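A.B. asks: Input: one structure, supplied below.
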Amino acid sequence: MAGKTTAPFRVIIVGAGPVGLFFAHALSKAGVDYLVMEQSSSIIRYKGAGIMLFPDTLRLLDQLGLYDKAEDFHTIESSTDILAQNGRVTSSYAIWSILATRHAYPSVSCSRGQLIELLYENLPEKETRVRTSAAVVDIEAHDNGVNVRLADGSQEQGSIIVGVDGVYSKTRQIMQRLAQSPPDTWPITASYRGLYGQFPSIERMERGHFYQSRGHQVVSQFLNFGNVTHFAILQPIPPTTERRRYTTEERDQFAHEFEDIIIAPGVRFKEVWPILDKETARLVNQEEGYCDKWYHGRIALAGDAVHKITSATGLGGNIGIHTAAALANELHRALQANSNPSTEALEKAFARYQETRSSLTSELHMGGRQQVRTVTWETWFGWFFDRIVLPWIGWRLFLKGLTGIITQGQILEYVPFKDREVQVPWANTPPLKE
């Protein structure tokens, strides 16, 4: 059995994605020692789709002093919903501008790599705080800490370990084995696959506009920002729990299958596929799932490792960052009470953390499952609700739901910050900055 860890309290973070790097910033602000371990050989990777960030997430970045540095983020201003087969516009609305007015921050989009770059490049002491090519193979837990074994034969010791290592989290697998936990109610399952990428914008697609087209067995989302357009096309697949890597040929076949769908008024996908940056285009499975327990002993989980919804909602990255903020708050509170808390005290803090977020995240998980199945018309009811009910109800219901989610956004309760004036009050407020 490994020996005791040395002071001070040290957090091992597994995963250097947006959530893991945000959590590192949160610990830095709290003065907590930490190490980020990333299994890949590099931190900044630009492949993949764009990511949407909502006003409550930009508020957190502002609290960290990063909002003004987000020069590559693009403001979303309006939306158009169309039918993928005939291009009929079913609705058009400026919901994003309304949200910006209500919450004092816009909704924005950027590539996942741009968000990672912002968080990594501005992380204090990143050269010594982040370790690449560090794949976890096992975790040994004892009364005073954890010993983490890596694939290269080395080890890292810490007081706790936090797994933010994605839907196929190795940390979660080890934790569930140690806890001998029963199967999750909603295990990680892929029921969709999606093609993601970007291309130089074309004139017929309006700048700052979000286009969503839907149809039988398909939904597409295109975000245009003048010089570049990020996109995603999702398709249902038979549910699977196996991890799948698609070839370039399979990616191109998928694109050919949907070449005739209309992605914006008067624009078919086959018109932009030839100019698309193939280096960024990836076909990947879209997983969904929800863990019943987010911690055991000195191990805790956050982000996609515990709750995953498809990208159709645009909420996934936001939910993960706010979950990490809630964990940082509870950890800071525990360390204020005792600089070297016992395993029992840490488990109580982790339990409070899960309780803080479980109600909203479980609701969003179920809502996300329903949304993607509705817009892809997988059932007669889904078609009826999307084609008949939603246009009749209008976008105001969507606005009300997003406002409710945004106002519940987390804030780092130990970082002084002066909030902007808002029309709708925040549920959580920070200590006032002098």
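Ordering of the structure tokens sets the chain letters (A, B, ...), residue numbers begin anew at 1 in every chain, and ligands are numbered from 1 in the order given.
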May I have the residues within 6 Å of A:Ser91 as a PyMOL selection string, using only C-alpha atoms and disregarding those fewer than 2 positions away in the same chain?
C.D. replies: chain A and resi 80-81+89
A.B. asks: Would you export the selected residues with C-alpha atoms as a compact mmCIF listing (two decimals), in the first residue's frame, please?
C.D. replies:
```txt
# COMPACT_ATOMS: atom_id res chain seq x y z
CA THR A 80 -33.65 30.08 -38.43
CA ASP A 81 -35.30 26.64 -38.34
CA VAL A 89 -38.58 28.01 -43.00
```
A.B. asks: Would you pick out the contacts of stretch 32-46 of chain A at 6 Å or less, using only C-alpha atoms, so that residues sharing its chain but fewer than 3 positions from it are not included, and give the list as a list in words?
C.D. replies: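 Contacts, in chain order: Arg10, Val11, Ile12, Ile13, Val14, Gly15, Ala16, Leu27, Ser28, Gly113, Glu117, Arg129, Val130, Arg131, Thr132, Ser133, Ala134 and Ala135 of chain A.
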A.B. asks: So how far away is atom CA of A:Asn227 from atom CA of A:Leu123, in Å?
C.D. replies: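 Spanning atom CA of A:Leu123 to atom CA of A:Asn227 is a straight-line distance of 28.5 Å.
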A.B. asks: Closest to A:Pro265 among A:Gly303, A:Gly87, A:Gly158, A:Pro187, using only C-alpha atoms?
C.D. replies: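 Nearest candidate to A:Pro265 out of A:Gly303, A:Gly87, A:Gly158, A:Pro187: A:Gly87.
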A.B. asks: So, with only C-alpha atoms as the atoms that count, which of A:Leu58, A:Val218, A:Leu390, A:Leu21 lies closest to A:Tyr120?
C.D. replies: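 Result for the nearest residue to A:Tyr120: A:Leu21.
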A.B. asks: Go through A:Ala324, A:Ile51, A:Ile309, A:Leu119 and flag the residue nearest A:Ala190, using only C-alpha atoms for the distances.
C.D. replies: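 Using only C-alpha atoms, A:Ala190 sits closest to A:Ile309.
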A.B. asks: Which residues are close to A:Ala104, i.e. within 12 Å by only C-alpha atoms, leaving aside same-chain residues fewer than 3 positions away? Reply as a list in words.
C.D. replies: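 The residues that qualify are Phe54, Pro55, Asp56, Thr57, Leu58, Arg59, Asp62, Trp96, Ser97, Ile98, Leu99, Ala100, Thr101, Ser107, Ile406, Thr407, Asp419, Arg420, Glu421, Val422, Gln423, Val424, Pro425 and Trp426 of chain A.
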A.B. asks: Any chance you could tabulate, as CSV, the residues of stretch 272-334 of chain A at most 9 Å from stretch 231-248 of chain A with each one's nearest atom pair and distance in Å to one decimal, using only C-alpha atoms, in chain and rising number order?
C.D. replies:
```
residue,atom,partner,partner_atom,distance
A:Arg282,CA,A:Thr248,CA,8.0
A:Leu283,CA,A:Tyr246,CA,6.2
A:Val284,CA,A:Tyr246,CA,6.6
A:Asn285,CA,A:Arg244,CA,6.8
A:Gln286,CA,A:Leu234,CA,8.3
A:Glu287,CA,A:Thr241,CA,8.6
A:Ser311,CA,A:Ala232,CA,8.3
A:Ala312,CA,A:Leu234,CA,8.0
```
A.B. asks: In stretch 3-137 of chain A, what's strand (DSSP E) per DSSP? Answer as a count of residues only?
C.D. replies: 35
A.B. asks: Write out as JSON, numbers by chain each polymer residue whose atoms come within 9 Å of A:Leu346, counting only C-alpha atoms; drop sequence neighbours fewer than 6 positions from it.
C.D. replies: {"A": [160, 297, 298, 331, 334]}
A.B. asks: Can those selected residues be exported to a file as an mmCIF file, in the first residue's frame so that it contains N, CA and C atoms?
C.D. replies:
```cif
data_model
loop_
_atom_site.group_PDB
_atom_site.id
_atom_site.type_symbol
_atom_site.label_atom_id
_atom_site.label_comp_id
_atom_site.auth_asym_id
_atom_site.auth_seq_id
_atom_site.Cartn_x
_atom_site.Cartn_y
_atom_site.Cartn_z
ATOM 1 N N ILE A 160 -6.548 13.885 -3.563
ATOM 2 C CA ILE A 160 -7.748 13.382 -4.229
ATOM 3 C C ILE A 160 -7.461 13.329 -5.725
ATOM 4 N N GLY A 297 -14.983 7.661 -1.989
ATOM 5 C CA GLY A 297 -13.743 7.885 -1.254
ATOM 6 C C GLY A 297 -13.108 9.201 -1.653
ATOM 7 N N ARG A 298 -11.881 9.127 -2.154
ATOM 8 C CA ARG A 298 -11.138 10.322 -2.567
ATOM 9 C C ARG A 298 -11.153 10.516 -4.086
ATOM 10 N N LEU A 331 -15.087 21.890 -2.524
ATOM 11 C CA LEU A 331 -13.727 21.531 -2.115
ATOM 12 C C LEU A 331 -13.089 22.685 -1.343
ATOM 13 N N ALA A 334 -14.479 22.726 2.155
ATOM 14 C CA ALA A 334 -13.918 21.665 2.992
ATOM 15 C C ALA A 334 -12.508 22.008 3.449
#
```
A.B. asks: Given the choices A:Tyr93, A:Phe350, A:Tyr67, A:Trp273, which gets closest to A:Pro106 if the distance is worked out from only C-alpha atoms?
C.D. replies: A:Tyr67
A.B. asks: Would you mind writing down, as a ChimeraX atom specification, each residue of stretch 91-331 of chain A that DSSP on the backbone assigns to alpha helix (DSSP H)?
C.D. replies: /A:95-103,112-121,126-129,170-179,248-257,269-272,316-331
A.B. asks: Store the residues of this selection in a file with C-alpha atoms, as a compact mmCIF listing (two decimals), in the first residue's frame.
C.D. replies:
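Result file is part_23.txt:
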```txt
# COMPACT_ATOMS: atom_id res chain seq x y z
CA ILE A 95 -33.61 34.75 -29.15
CA TRP A 96 -29.86 35.11 -28.66
CA SER A 97 -29.99 38.90 -28.68
CA ILE A 98 -32.79 38.80 -26.10
CA LEU A 99 -30.73 36.52 -23.85
CA ALA A 100 -27.77 38.91 -24.14
CA THR A 101 -29.95 41.81 -23.02
CA ARG A 102 -31.38 39.84 -20.11
CA HIS A 103 -28.11 38.40 -18.80
CA ARG A 112 -13.31 23.46 -28.98
CA GLY A 113 -9.62 24.02 -29.64
CA GLN A 114 -9.98 27.79 -29.28
CA LEU A 115 -11.61 27.38 -25.87
CA ILE A 116 -8.89 24.97 -24.76
CA GLU A 117 -6.23 27.39 -25.99
CA LEU A 118 -7.79 30.27 -24.05
CA LEU A 119 -7.88 28.24 -20.83
CA TYR A 120 -4.45 26.65 -21.25
CA GLU A 121 -2.45 29.66 -22.39
CA LYS A 126 1.08 25.77 -16.87
CA GLU A 127 4.54 24.41 -17.69
CA THR A 128 4.71 22.64 -14.31
CA ARG A 129 0.99 22.18 -13.69
CA LYS A 170 -10.90 5.55 -17.15
CA THR A 171 -11.24 7.29 -13.78
CA ARG A 172 -14.95 6.42 -13.68
CA GLN A 173 -14.27 2.79 -14.57
CA ILE A 174 -11.73 2.46 -11.77
CA MET A 175 -13.95 4.31 -9.28
CA GLN A 176 -16.94 2.08 -10.00
CA ARG A 177 -14.76 -1.00 -9.64
CA LEU A 178 -13.45 0.19 -6.26
CA ALA A 179 -16.93 1.17 -5.10
CA THR A 248 -12.09 8.77 -43.62
CA GLU A 249 -14.00 6.67 -46.15
CA GLU A 250 -16.91 6.22 -43.72
CA ARG A 251 -16.88 9.97 -43.05
CA ASP A 252 -17.08 10.74 -46.77
CA GLN A 253 -19.85 8.19 -47.27
CA PHE A 254 -21.85 9.85 -44.50
CA ALA A 255 -21.41 13.23 -46.21
CA HIS A 256 -22.56 11.74 -49.52
CA GLU A 257 -25.64 10.25 -47.86
CA PHE A 269 -24.89 20.48 -48.03
CA LYS A 270 -23.28 19.29 -51.27
CA GLU A 271 -22.49 22.93 -52.10
CA VAL A 272 -20.22 23.39 -49.06
CA GLY A 316 -22.96 19.95 -22.95
CA GLY A 317 -19.78 21.97 -22.44
CA ASN A 318 -21.63 24.57 -20.40
CA ILE A 319 -23.09 21.99 -18.04
CA GLY A 320 -19.66 20.45 -17.48
CA ILE A 321 -18.00 23.76 -16.64
CA HIS A 322 -20.71 24.66 -14.12
CA THR A 323 -20.48 21.22 -12.54
CA ALA A 324 -16.74 21.78 -12.11
CA ALA A 325 -17.44 25.17 -10.50
CA ALA A 326 -19.78 23.54 -7.99
CA LEU A 327 -17.11 20.95 -7.14
CA ALA A 328 -14.51 23.70 -6.68
CA ASN A 329 -16.83 25.53 -4.28
CA GLU A 330 -17.40 22.46 -2.11
CA LEU A 331 -13.73 21.53 -2.12
```
A.B. asks: Considering only C-alpha atoms, can you say which of A:Tyr295, A:Glu140, A:Trp392, A:Glu125 comes closest to A:Lys348?
C.D. replies: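 Comparing A:Tyr295, A:Glu140, A:Trp392, A:Glu125 against A:Lys348, the winner is A:Tyr295.
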A.B. asks: Could you check the closest approach to A:Thr313 for each of A:Leu402, A:Ile161, A:Ile262, A:Ile188 and tell me which residue wins, using only C-alpha atoms?
C.D. replies: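 Checking each of A:Leu402, A:Ile161, A:Ile262, A:Ile188 against A:Thr313, counting only C-alpha atoms, the winner is A:Leu402.
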